[in-house]
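Colleague: Just one file: input.txt, with compact mmCIF, C-alpha atoms and all ligand atoms.
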```txt
# COMPACT_ATOMS: atom_id res chain seq x y z
CA MET A 28 -39.66 12.23 -25.58
CA LEU A 29 -36.73 10.06 -26.69
CA LEU A 30 -37.20 7.80 -23.70
CA ARG A 31 -40.91 7.54 -24.49
CA SER A 32 -40.16 6.58 -28.11
CA ALA A 33 -37.58 4.01 -26.99
CA ILE A 34 -40.00 2.37 -24.58
CA LEU A 35 -42.78 2.37 -27.18
CA ALA A 36 -40.39 0.78 -29.70
CA ALA A 37 -39.61 -1.86 -27.06
CA ALA A 38 -43.36 -2.48 -26.78
CA ARG A 39 -43.22 -3.97 -30.30
CA ASN A 40 -40.00 -5.98 -29.85
CA ASP A 41 -40.71 -9.72 -29.66
CA GLY A 42 -37.38 -10.67 -28.06
CA LEU A 43 -37.80 -8.15 -25.27
CA LYS A 44 -41.40 -9.19 -24.90
CA ARG A 45 -40.36 -12.79 -24.18
CA LEU A 46 -37.63 -11.65 -21.78
CA VAL A 47 -39.87 -9.32 -19.78
CA THR A 48 -42.92 -11.59 -19.83
CA TYR A 49 -41.03 -14.51 -18.31
CA ALA A 50 -38.83 -12.53 -15.90
CA PRO A 51 -39.93 -13.54 -12.39
CA VAL A 52 -40.01 -9.94 -11.24
CA SER A 53 -42.43 -8.77 -13.93
CA ARG A 54 -45.54 -10.22 -12.31
CA ASN A 55 -45.15 -7.99 -9.25
CA VAL A 56 -44.88 -4.87 -11.37
CA VAL A 57 -47.75 -5.94 -13.57
CA ARG A 58 -50.03 -6.38 -10.56
CA ARG A 59 -50.09 -2.62 -10.07
CA PHE A 60 -51.74 -2.03 -13.45
CA VAL A 61 -53.45 -5.34 -14.33
CA ALA A 62 -56.31 -7.02 -12.42
CA GLY A 63 -54.87 -10.52 -12.91
CA ALA A 64 -54.56 -13.29 -15.46
CA GLY A 65 -58.08 -14.69 -15.51
CA VAL A 66 -61.72 -13.72 -15.82
CA GLU A 67 -62.31 -14.30 -12.10
CA ASP A 68 -59.66 -11.65 -11.35
CA ALA A 69 -61.61 -9.23 -13.54
CA ILE A 70 -64.81 -10.10 -11.68
CA ARG A 71 -63.18 -9.68 -8.26
CA VAL A 72 -61.74 -6.26 -9.13
CA SER A 73 -65.04 -5.15 -10.74
CA ARG A 74 -66.93 -6.10 -7.60
CA ASP A 75 -64.46 -4.19 -5.45
CA LEU A 76 -64.54 -1.04 -7.62
CA THR A 77 -68.32 -0.98 -8.07
CA GLY A 78 -68.58 -1.39 -4.28
CA GLN A 79 -66.68 1.92 -4.05
CA GLY A 80 -69.14 3.64 -6.39
CA LEU A 81 -66.87 3.39 -9.47
CA ALA A 82 -67.98 2.06 -12.86
CA VAL A 83 -65.72 -0.25 -14.88
CA SER A 84 -64.61 -0.88 -18.43
CA LEU A 85 -62.95 -4.28 -18.75
CA ASP A 86 -60.25 -5.02 -21.28
CA HIS A 87 -59.21 -8.58 -22.13
CA LEU A 88 -55.54 -7.90 -22.84
CA GLY A 89 -54.14 -8.66 -26.28
CA GLU A 90 -53.35 -6.83 -29.50
CA ASP A 91 -51.82 -7.25 -32.94
CA THR A 92 -53.32 -10.71 -33.43
CA THR A 93 -52.10 -12.44 -36.59
CA GLU A 94 -53.82 -15.84 -36.26
CA PRO A 95 -57.57 -16.28 -36.94
CA GLU A 96 -57.77 -18.83 -34.06
CA HIS A 97 -56.27 -16.29 -31.67
CA ALA A 98 -58.76 -13.63 -32.79
CA ALA A 99 -61.64 -16.08 -32.26
CA ALA A 100 -60.30 -17.03 -28.82
CA THR A 101 -60.17 -13.35 -27.82
CA ALA A 102 -63.76 -12.82 -28.94
CA LYS A 103 -64.77 -15.91 -26.96
CA ALA A 104 -62.99 -14.56 -23.89
CA TYR A 105 -65.19 -11.44 -24.09
CA LEU A 106 -68.33 -13.60 -24.35
CA THR A 107 -67.25 -15.54 -21.25
CA LEU A 108 -66.51 -12.29 -19.42
CA LEU A 109 -69.94 -10.85 -20.29
CA GLN A 110 -71.67 -14.01 -19.09
CA ARG A 111 -69.73 -13.94 -15.80
CA LEU A 112 -70.58 -10.24 -15.29
CA ALA A 113 -74.24 -11.11 -15.81
CA ASP A 114 -74.05 -14.11 -13.42
CA GLU A 115 -72.58 -11.86 -10.72
CA GLY A 116 -75.08 -9.02 -11.22
CA LEU A 117 -72.28 -6.71 -12.42
CA ALA A 118 -73.22 -6.39 -16.09
CA GLY A 119 -75.66 -3.47 -15.92
CA GLY A 120 -73.77 -0.20 -16.38
CA ALA A 121 -70.47 -1.98 -17.06
CA ASP A 122 -68.53 -1.49 -20.30
CA VAL A 123 -65.98 -3.62 -22.14
CA SER A 124 -63.10 -2.10 -24.10
CA VAL A 125 -62.13 -3.96 -27.26
CA LYS A 126 -59.03 -3.51 -29.43
CA LEU A 127 -59.90 -4.39 -33.01
CA SER A 128 -56.33 -5.59 -33.56
CA ALA A 129 -56.97 -8.25 -30.91
CA VAL A 130 -59.95 -9.63 -32.83
CA GLY A 131 -58.32 -9.75 -36.26
CA GLN A 132 -58.10 -6.23 -37.73
CA ALA A 133 -54.74 -7.11 -39.31
CA LEU A 134 -56.13 -10.31 -40.91
CA ASP A 135 -58.95 -8.74 -42.90
CA GLY A 136 -61.67 -6.19 -42.27
CA ALA A 137 -64.45 -8.76 -42.12
CA THR A 138 -62.98 -10.90 -39.30
CA ALA A 139 -62.64 -8.04 -36.83
CA LEU A 140 -66.08 -6.67 -37.68
CA GLN A 141 -67.69 -10.08 -37.27
CA HIS A 142 -66.07 -10.65 -33.85
CA ALA A 143 -66.89 -7.11 -32.74
CA ARG A 144 -70.53 -7.69 -33.75
CA GLU A 145 -70.67 -10.89 -31.67
CA ILE A 146 -69.27 -9.03 -28.66
CA CYS A 147 -71.68 -6.09 -29.09
CA ALA A 148 -74.69 -8.44 -29.35
CA ALA A 149 -73.64 -10.36 -26.21
CA ALA A 150 -73.00 -7.10 -24.36
CA GLN A 151 -76.37 -5.67 -25.32
CA ALA A 152 -78.10 -8.85 -24.13
CA VAL A 153 -76.76 -8.33 -20.59
CA GLY A 154 -76.95 -4.51 -20.40
CA THR A 155 -73.25 -3.78 -20.96
CA THR A 156 -71.82 -1.35 -23.50
CA VAL A 157 -68.78 -1.80 -25.75
CA THR A 158 -66.09 0.81 -26.46
CA LEU A 159 -63.61 0.35 -29.31
CA ASP A 160 -60.13 1.28 -28.09
CA MET A 161 -58.10 3.34 -30.56
CA GLU A 162 -54.68 2.07 -31.61
CA ASP A 163 -51.95 3.58 -33.81
CA HIS A 164 -52.90 6.12 -36.49
CA THR A 165 -52.69 3.61 -39.36
CA THR A 166 -55.87 2.03 -37.95
CA THR A 167 -57.88 5.18 -37.15
CA ASP A 168 -59.93 5.20 -40.36
CA SER A 169 -60.66 1.48 -40.32
CA THR A 170 -61.61 1.60 -36.61
CA LEU A 171 -64.01 4.50 -37.22
CA ALA A 172 -65.48 2.61 -40.19
CA VAL A 173 -66.11 -0.46 -38.00
CA LEU A 174 -67.58 1.84 -35.33
CA ALA A 175 -70.05 3.32 -37.84
CA ASP A 176 -71.06 -0.18 -38.91
CA LEU A 177 -71.54 -1.41 -35.33
CA ARG A 178 -73.53 1.68 -34.36
CA ARG A 179 -76.25 0.79 -36.89
CA ASP A 180 -77.37 -2.04 -34.59
CA HIS A 181 -75.70 -0.89 -31.37
CA PRO A 182 -75.81 2.93 -31.28
CA ASP A 183 -74.30 3.01 -27.79
CA THR A 184 -70.95 1.59 -29.01
CA GLY A 185 -68.27 3.95 -27.72
CA ALA A 186 -65.52 5.57 -29.78
CA VAL A 187 -62.04 6.60 -28.62
CA LEU A 188 -60.34 9.70 -30.04
CA GLN A 189 -56.74 10.66 -29.32
CA ALA A 190 -55.99 14.37 -28.77
CA TYR A 191 -52.41 13.98 -30.02
CA LEU A 192 -53.61 13.38 -33.58
CA ARG A 193 -53.96 16.50 -35.71
CA ARG A 194 -57.20 15.15 -37.21
CA THR A 195 -58.97 14.61 -33.89
CA GLU A 196 -60.71 17.96 -33.41
CA SER A 197 -62.44 17.35 -36.72
CA ASP A 198 -63.31 13.75 -35.72
CA CYS A 199 -64.80 15.14 -32.48
CA ARG A 200 -67.11 17.37 -34.53
CA GLU A 201 -68.26 14.32 -36.53
CA LEU A 202 -68.93 12.28 -33.41
CA ALA A 203 -70.40 14.89 -31.03
CA HIS A 204 -74.00 13.98 -31.85
CA ALA A 205 -76.84 12.76 -29.65
CA GLY A 206 -76.29 9.29 -28.19
CA SER A 207 -72.63 9.18 -29.24
CA ARG A 208 -70.29 7.98 -26.49
CA VAL A 209 -66.79 9.34 -27.11
CA ARG A 210 -63.77 8.68 -24.91
CA LEU A 211 -61.18 11.43 -25.29
CA CYS A 212 -57.62 10.49 -24.33
CA LYS A 213 -54.21 12.00 -25.10
CA GLY A 214 -53.00 8.96 -27.09
CA ALA A 215 -50.48 6.30 -26.14
CA TYR A 216 -48.58 5.31 -29.32
CA ASP A 217 -45.39 6.59 -30.92
CA GLU A 218 -46.65 8.65 -33.84
CA PRO A 219 -44.84 10.67 -36.53
CA ALA A 220 -45.05 14.48 -36.43
CA GLU A 221 -46.93 14.53 -39.75
CA VAL A 222 -49.99 13.09 -38.02
CA ALA A 223 -49.51 13.92 -34.33
CA PHE A 224 -48.41 16.90 -32.24
CA PRO A 225 -44.89 16.13 -30.98
CA ASP A 226 -45.00 18.74 -28.19
CA PRO A 227 -46.89 17.61 -25.05
CA HIS A 228 -48.19 21.18 -24.51
CA GLU A 229 -49.68 21.10 -28.00
CA VAL A 230 -51.35 17.80 -27.11
CA ASP A 231 -52.85 19.39 -23.99
CA ARG A 232 -54.13 22.36 -26.01
CA SER A 233 -55.64 19.97 -28.55
CA TYR A 234 -57.25 18.03 -25.67
CA VAL A 235 -58.93 21.23 -24.45
CA ARG A 236 -60.17 22.12 -27.95
CA CYS A 237 -61.59 18.61 -28.38
CA LEU A 238 -63.14 18.72 -24.92
CA ASN A 239 -64.89 21.97 -25.87
CA VAL A 240 -66.36 20.36 -28.97
CA LEU A 241 -67.54 17.28 -27.07
CA MET A 242 -68.93 19.16 -24.06
CA ALA A 243 -70.73 21.66 -26.34
CA GLY A 244 -72.17 18.83 -28.44
CA ALA A 245 -75.09 16.53 -27.77
CA GLY A 246 -73.12 13.33 -27.18
CA TYR A 247 -71.76 11.66 -24.05
CA PRO A 248 -68.12 12.72 -23.45
CA MET A 249 -65.87 10.28 -21.57
CA VAL A 250 -62.96 12.31 -20.23
CA ALA A 251 -60.08 9.80 -20.03
CA THR A 252 -57.13 11.45 -18.34
CA HIS A 253 -55.25 11.52 -15.05
CA ASP A 254 -53.94 15.00 -15.75
CA PRO A 255 -55.19 17.22 -12.89
CA ARG A 256 -55.30 20.33 -15.09
CA LEU A 257 -57.42 18.62 -17.72
CA VAL A 258 -59.75 17.17 -15.08
CA ALA A 259 -60.23 20.73 -13.77
CA VAL A 260 -60.82 22.08 -17.29
CA ALA A 261 -63.38 19.32 -17.96
CA ASP A 262 -65.22 20.22 -14.77
CA GLU A 263 -65.25 23.90 -15.69
CA ARG A 264 -66.35 23.19 -19.30
CA ALA A 265 -69.17 20.91 -18.12
CA ARG A 266 -70.51 23.72 -15.89
CA TRP A 267 -70.03 26.29 -18.69
CA TYR A 268 -72.12 24.24 -21.10
CA GLY A 269 -74.76 23.58 -18.44
CA ARG A 270 -74.20 19.83 -18.38
CA GLU A 271 -75.73 17.92 -15.51
CA ARG A 272 -73.56 15.39 -13.73
CA GLY A 273 -74.11 12.01 -15.36
CA THR A 274 -74.27 13.48 -18.88
CA TYR A 275 -70.51 12.91 -19.14
CA GLU A 276 -68.01 10.80 -17.21
CA TYR A 277 -64.38 10.65 -16.17
CA GLN A 278 -62.27 7.59 -16.95
CA MET A 279 -58.96 6.53 -15.44
CA LEU A 280 -56.78 3.45 -15.59
CA PHE A 281 -56.73 0.77 -12.90
CA GLY A 282 -53.87 1.51 -10.53
CA VAL A 283 -53.38 5.12 -11.62
CA ARG A 284 -54.44 7.93 -9.22
CA PRO A 285 -56.98 5.80 -7.28
CA ASP A 286 -57.38 8.58 -4.67
CA GLU A 287 -58.42 11.00 -7.40
CA GLN A 288 -60.90 8.42 -8.73
CA ARG A 289 -62.54 8.24 -5.29
CA ARG A 290 -62.41 12.02 -4.81
CA LEU A 291 -64.36 12.56 -8.03
CA VAL A 292 -66.94 9.94 -7.03
CA GLY A 293 -67.29 11.71 -3.67
CA ALA A 294 -67.96 14.94 -5.56
CA GLY A 295 -70.88 13.25 -7.32
CA GLU A 296 -69.14 12.54 -10.65
CA THR A 297 -69.39 9.34 -12.67
CA VAL A 298 -65.95 7.73 -12.83
CA ARG A 299 -65.14 4.61 -14.83
CA VAL A 300 -61.98 2.62 -14.21
CA TYR A 301 -60.40 0.84 -17.18
CA VAL A 302 -59.53 -2.63 -15.87
CA PRO A 303 -57.23 -4.79 -18.01
CA TYR A 304 -56.83 -8.49 -17.28
CA GLY A 305 -55.22 -11.48 -18.99
CA ASP A 306 -51.78 -12.84 -19.82
CA GLU A 307 -50.92 -10.59 -22.73
CA TRP A 308 -50.02 -7.56 -20.65
CA TYR A 309 -46.65 -6.72 -22.25
CA GLY A 310 -47.72 -3.99 -24.74
CA TYR A 311 -50.10 -2.45 -22.19
CA LEU A 312 -47.45 -2.34 -19.47
CA MET A 313 -44.88 -0.79 -21.81
CA ARG A 314 -47.29 2.03 -22.71
CA ARG A 315 -47.87 2.70 -18.98
CA LEU A 316 -44.09 2.82 -18.42
CA ALA A 317 -43.69 5.21 -21.36
CA GLU A 318 -46.25 7.59 -19.88
CA ARG A 319 -44.38 8.13 -16.67
CA PRO A 320 -40.62 7.81 -16.15
CA ALA A 321 -41.24 7.20 -12.42
CA ASN A 322 -43.00 3.96 -13.39
CA LEU A 323 -39.92 2.92 -15.34
CA SER A 324 -37.63 3.48 -12.36
CA PHE A 325 -40.13 1.52 -10.20
CA PHE A 326 -39.87 -1.32 -12.73
CA LEU A 327 -36.06 -1.17 -12.98
CA ARG A 328 -35.67 -0.98 -9.18
CA ALA A 329 -37.73 -4.15 -8.91
CA VAL A 330 -35.49 -5.87 -11.50
CA VAL A 331 -32.28 -4.75 -9.78
CA SER A 332 -33.48 -5.74 -6.32
CA ARG A 333 -34.08 -9.29 -7.61
CA SER A 334 -30.72 -9.67 -9.33
P1 LIG B 401 -50.27 12.42 -18.64
O1 LIG B 401 -49.58 11.24 -19.23
O2 LIG B 401 -49.75 13.77 -18.94
O3 LIG B 401 -50.32 12.21 -17.09
C1 LIG B 401 -50.81 13.18 -16.18
C2 LIG B 401 -50.51 12.71 -14.77
O4 LIG B 401 -51.26 11.52 -14.51
C3 LIG B 401 -49.06 12.30 -14.53
O5 LIG B 401 -48.28 13.41 -14.17
C4 LIG B 401 -49.22 11.29 -13.43
O6 LIG B 401 -49.42 11.94 -12.19
C5 LIG B 401 -50.49 10.59 -13.79
N1 LIG B 401 -50.23 9.41 -14.66
C6 LIG B 401 -50.48 9.33 -15.98
N2 LIG B 401 -50.17 8.10 -16.45
C7 LIG B 401 -49.70 7.42 -15.41
C8 LIG B 401 -49.22 6.10 -15.27
N3 LIG B 401 -49.14 5.25 -16.30
N4 LIG B 401 -48.80 5.72 -14.04
C9 LIG B 401 -48.87 6.57 -12.98
N5 LIG B 401 -49.32 7.84 -13.07
C10 LIG B 401 -49.72 8.26 -14.26
N6 LIG B 401 -54.72 5.60 -25.34
C11 LIG B 401 -54.89 5.24 -26.64
O7 LIG B 401 -54.03 5.57 -27.47
N7 LIG B 401 -55.98 4.52 -27.01
C12 LIG B 401 -56.96 4.16 -26.13
O8 LIG B 401 -57.94 3.52 -26.53
C13 LIG B 401 -56.81 4.56 -24.78
N8 LIG B 401 -57.74 4.23 -23.84
C14 LIG B 401 -57.65 4.78 -22.59
C15 LIG B 401 -58.67 4.58 -21.65
C16 LIG B 401 -58.62 5.21 -20.42
C17 LIG B 401 -59.76 5.02 -19.46
C18 LIG B 401 -57.51 6.05 -20.09
C19 LIG B 401 -57.44 6.75 -18.77
C20 LIG B 401 -56.48 6.18 -20.97
C21 LIG B 401 -56.52 5.55 -22.21
N9 LIG B 401 -55.47 5.69 -23.10
C22 LIG B 401 -55.65 5.29 -24.41
C23 LIG B 401 -54.15 6.19 -22.66
C24 LIG B 401 -54.00 7.68 -22.88
O9 LIG B 401 -53.92 7.96 -24.25
C25 LIG B 401 -52.76 8.21 -22.19
O10 LIG B 401 -51.62 7.60 -22.71
C26 LIG B 401 -52.75 8.03 -20.68
O11 LIG B 401 -54.02 8.22 -20.14
C27 LIG B 401 -51.80 9.05 -20.01
O12 LIG B 401 -52.22 10.35 -20.32
P2 LIG B 401 -52.89 11.35 -19.25
O13 LIG B 401 -54.00 12.04 -19.95
O14 LIG B 401 -53.26 10.63 -18.03
O15 LIG B 401 -51.81 12.47 -19.02
```
Just give me the structure as structure tokens.
Ligand code: FDA

Modeller:
Amino acid sequence: MLLRSAILAAARNDGLKRLVTYAPVSRNVVRRFVAGAGVEDAIRVSRDLTGQGLAVSLDHLGEDTTEPEHAAATAKAYLTLLQRLADEGLAGGADVSVKLSAVGQALDGATALQHAREICAAAQAVGTTVTLDMEDHTTTDSTLAVLADLRRDHPDTGAVLQAYLRRTESDCRELAHAGSRVRLCKGAYDEPAEVAFPDPHEVDRSYVRCLNVLMAGAGYPMVATHDPRLVAVADERARWYGRERGTYEYQMLFGVRPDEQRRLVGAGETVRVYVPYGDEWYGYLMRRLAERPANLSFFLRAVVSRS
């Protein structure tokens, strides 16, 4: 847990960010988890994954934007992506994941909402859905408020709820209604014990409780985990509640357990791969390293072998 907190603290350290971003070795490590730097990389990977029967959710990397121009550029990047997906016949059934902090949540409420609206409208025009990623707990309420606003015009906008937060079971009850797409994940940020379960077993138990609420409800659960036990529980819960395949889906990250992604597709399940692309991969990579110490040693081995 200490190691996880240290890595997540490093994720917000600007000096380290510069060092890691420009270290020649970093690109090789990044390639495992990130499709590439540009929109054409996202298109190439989407084509490959959809060819294997997987669905995609694309994330233009970036977060914690503090400049209005940067927020506008991120929104524009999503519009370009959506147009390219449409050009390539990949837009139908695809999803884009948007972090409100990347489109100006820290600047003022209105900027992020306005950019999110533009992205939702462009997505709807080409048959793609939008899911709002969830960030640290200080933004949960404002993200859910933006979600409620967006859903007035775009009811298929997806929410993300994090099982590590003590509040999440109750949020699941609020959001488990017809037409509501809800991605359930464990949660990737360093949170204080007042708001989040510090014990990983508690997080798993919370995940199962939340899964029960979502599977029993009338919405569309998106089971985002690589944890084999939770995948098995989700399968069992879906059968228990009489859900047909296709009334829920599994989601996993690009580069994590690809064999399991294909196994689930082979079993007739809907599986969506979260595909990040772009230059601003530092925070994303650090959260992936924090999740699994083996990834950290992979990263450090790569650094040592180059020095
Ligand atoms: P856990 O971390 O316990 O891992 C279970 C097993 O999966 C590990 O033992 C390992 O085998 C494998 N595994 C997990 N992570 C790995 C990695 N990085 N590299 C290699 N193997 C790994 N979080 C958030 O706070 N807000 C969000 O919006 C999202 N969005 C999101 C979308 C999607 C599609 C996914 C899959 C995840 C997220 N997350 C997220 C991240 C999530 O909260 C969580 O941090 C990770 O999914 C890791 O948790 P697991 O449930 O996979 O379990």

Colleague: Within 9 Å of (-61.4, 14.1, -13.6), in the coordinates the file gives, what residues turn up when you count all atoms listed in the file, written out as an NGL selection string?

Modeller: :A and (250-262 or 276-279 or 287-288 or 291 or 296 or 298)

Colleague: Can you pull out every residue with an atom within 7 Å of ligand LIG 401 (chain B)? Use all atoms listed in the file and format it as a ChimeraX atom specification.

Modeller: /A:160-163,187,189,212-216,251-255,278-280,283-284,300-301,315-316,318-319,322

Colleague: Can you pull out every residue within 10 Å of stretch 135-152 of chain A, counting all atoms listed in the file, but drop anything in the same chain fewer than 6 positions away, and send it as a ChimeraX atom specification?

Modeller: /A:95,98-110,112-113,118-119,121-123,125-129,158-159,169-170,172-174,176-178,180-181,183-184

Colleague: As an exercise, work out the distance from atom CA of A:Tyr304 to atom CA of A:Pro285 in Å and give it to one decimal place.

Modeller: 17.4 Å

Colleague: Report the distance between atom CA of A:Ala317 and atom CA of A:Arg31 in Å, rounded to one decimal place.

Modeller: 4.8 Å

Colleague: For the atom pair atom CA of A:Arg74 and atom CA of A:Arg314, what is the interatomic distance in Å to one decimal place?

Modeller: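 These two atoms are separated by 26.1 Å.
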
Colleague: For a quick check of understanding, using only C-alpha atoms, which of A:His97, A:His164, A:Arg111, A:Arg264 has the smallest distance to A:Glu67?

Modeller: A:Arg111

Colleague: Would you please work out which residue, of A:Arg236, A:Arg210, A:Arg270, A:Arg179, is nearest to A:Arg193 when using all atoms listed in the file?

Modeller: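 Residue with the minimum atom-to-atom distance to A:Arg193: A:Arg236.
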
Colleague: Hey, could you pull the box centre and edge lengths for stretch 255-260 of chain A, axis-aligned, 8 Å padding per side, all listed atoms, to one decimal in Å, as AutoDock Vina command-line options?

Modeller:
```
--center_x -58.0 --center_y 19.6 --center_z -15.3 --size_x 21.6 --size_y 20.9 --size_z 20.8
```

Colleague: For A:Glu229, find every residue with an atom within 10 Å (counting only C-alpha atoms), except residues of its own chain fewer than 6 positions away, and show them as a PyMOL selection string.

Modeller: chain A and resi 190-191+193+223+235

Colleague: Could you save those same residues with C-alpha atoms as a tab-separated table (two decimals), in the coordinates of the input?

Modeller:
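Output below, filename again-v6.tsv:
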```
chain	number	residue	atom	x	y	z
A	190	ALA	CA	-55.99	14.37	-28.77
A	191	TYR	CA	-52.41	13.98	-30.02
A	193	ARG	CA	-53.96	16.50	-35.71
A	223	ALA	CA	-49.51	13.92	-34.33
A	235	VAL	CA	-58.93	21.23	-24.45
```

Colleague: From the list A:Gly206, A:Pro219, A:Gly185, A:Gly120, which residue is nearest A:Thr297 when using all atoms listed in the file?

Modeller: A:Gly120

Colleague: Which residues come within 12 Å of A:Ala36, counting all atoms listed in the file, excluding same-chain residues fewer than 5 positions away, as a list of chain:residue names?

Modeller: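 Close residues of A:Ala36: A:Leu29, A:Leu30, A:Arg31, A:Asp41, A:Gly42, A:Leu43, A:Lys44, A:Tyr216, A:Asp217, A:Glu218, A:Gly310, A:Met313, A:Arg314, A:Ala317.
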
Colleague: Nearest to A:Leu134: which of A:Tyr247, A:Val47, A:Thr92, A:Asp168 is it, counting all atoms listed in the file?

Modeller: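 Closest to A:Leu134 of all the choices is A:Thr92.
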
Colleague: Check the smallest atom-to-atom distance from each of A:Met249, A:Pro225, A:Pro303, A:Tyr49 to A:Ser32 using all atoms listed in the file, then report the winner.

Modeller: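 That would be A:Pro225, the residue with the smallest distance to A:Ser32.
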
Colleague: May I ask which of the residues A:Leu312, A:Glu94, A:Leu192, A:Gly246 is the closest one to A:Arg58, counting all atoms listed in the file?

Modeller: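 Result for the nearest residue to A:Arg58: A:Leu312.
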
Colleague: Using all atoms listed in the file, give me every residue within 6 Å of (-63.6, -6.3, -17.8) in file coordinates, as a list in words.

Modeller: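 Residues satisfying the cut-off, written out: Ala69, Ser84, Leu85, Asp86, Val123 and Val302 of chain A.
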
Colleague: Contacts of stretch 265-269 of chain A at 10 Å or less, counting only C-alpha atoms, minus same-chain residues fewer than 2 places along, as number ranges by chain?

Modeller: A: 238-239, 241-244, 248, 259-263, 271-272, 274-275

Colleague: Output C-alpha atoms of each residue in that selection to a file, as a compact mmCIF listing (two decimals), in the frame of the given file.

Modeller:
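Resulting contents of again.txt:
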```
# COMPACT_ATOMS: atom_id res chain seq x y z
CA LEU A 238 -63.14 18.72 -24.92
CA ASN A 239 -64.89 21.97 -25.87
CA LEU A 241 -67.54 17.28 -27.07
CA MET A 242 -68.93 19.16 -24.06
CA ALA A 243 -70.73 21.66 -26.34
CA GLY A 244 -72.17 18.83 -28.44
CA PRO A 248 -68.12 12.72 -23.45
CA ALA A 259 -60.23 20.73 -13.77
CA VAL A 260 -60.82 22.08 -17.29
CA ALA A 261 -63.38 19.32 -17.96
CA ASP A 262 -65.22 20.22 -14.77
CA GLU A 263 -65.25 23.90 -15.69
CA GLU A 271 -75.73 17.92 -15.51
CA ARG A 272 -73.56 15.39 -13.73
CA THR A 274 -74.27 13.48 -18.88
CA TYR A 275 -70.51 12.91 -19.14
```

Colleague: For the structure just given, write the atoms of stretch 63-87 of chain A, namely C-alpha atoms, as a PDB file, in the first residue's frame.

Modeller:
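Here's the written file decode_22.pdb:
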```pdb
ATOM      1  CA  GLY A  63       0.561   5.632 -29.617  1.00  0.00           C
ATOM      2  CA  ALA A  64       0.936   9.385 -29.771  1.00  0.00           C
ATOM      3  CA  GLY A  65      -1.520  10.293 -32.511  1.00  0.00           C
ATOM      4  CA  VAL A  66      -5.082   9.797 -33.656  1.00  0.00           C
ATOM      5  CA  GLU A  67      -3.976   7.425 -36.429  1.00  0.00           C
ATOM      6  CA  ASP A  68      -2.479   5.142 -33.756  1.00  0.00           C
ATOM      7  CA  ALA A  69      -5.864   5.093 -32.033  1.00  0.00           C
ATOM      8  CA  ILE A  70      -7.549   4.240 -35.342  1.00  0.00           C
ATOM      9  CA  ARG A  71      -5.062   1.461 -36.123  1.00  0.00           C
ATOM     10  CA  VAL A  72      -5.479  -0.167 -32.709  1.00  0.00           C
ATOM     11  CA  SER A  73      -9.286   0.213 -32.859  1.00  0.00           C
ATOM     12  CA  ARG A  74      -9.359  -1.513 -36.236  1.00  0.00           C
ATOM     13  CA  ASP A  75      -7.207  -4.338 -34.910  1.00  0.00           C
ATOM     14  CA  LEU A  76      -9.282  -4.847 -31.740  1.00  0.00           C
ATOM     15  CA  THR A  77     -12.666  -4.635 -33.465  1.00  0.00           C
ATOM     16  CA  GLY A  78     -11.324  -7.163 -35.992  1.00  0.00           C
ATOM     17  CA  GLN A  79     -10.900  -9.521 -33.013  1.00  0.00           C
ATOM     18  CA  GLY A  80     -14.514  -9.002 -31.918  1.00  0.00           C
ATOM     19  CA  LEU A  81     -13.640  -6.514 -29.143  1.00  0.00           C
ATOM     20  CA  ALA A  82     -15.330  -3.136 -28.675  1.00  0.00           C
ATOM     21  CA  VAL A  83     -13.285  -0.037 -27.798  1.00  0.00           C
ATOM     22  CA  SER A  84     -13.420   3.036 -25.612  1.00  0.00           C
ATOM     23  CA  LEU A  85     -10.833   5.591 -26.697  1.00  0.00           C
ATOM     24  CA  ASP A  86      -9.201   8.017 -24.304  1.00  0.00           C
ATOM     25  CA  HIS A  87      -7.276  11.055 -25.528  1.00  0.00           C
TER      26      HIS A  87
END
```
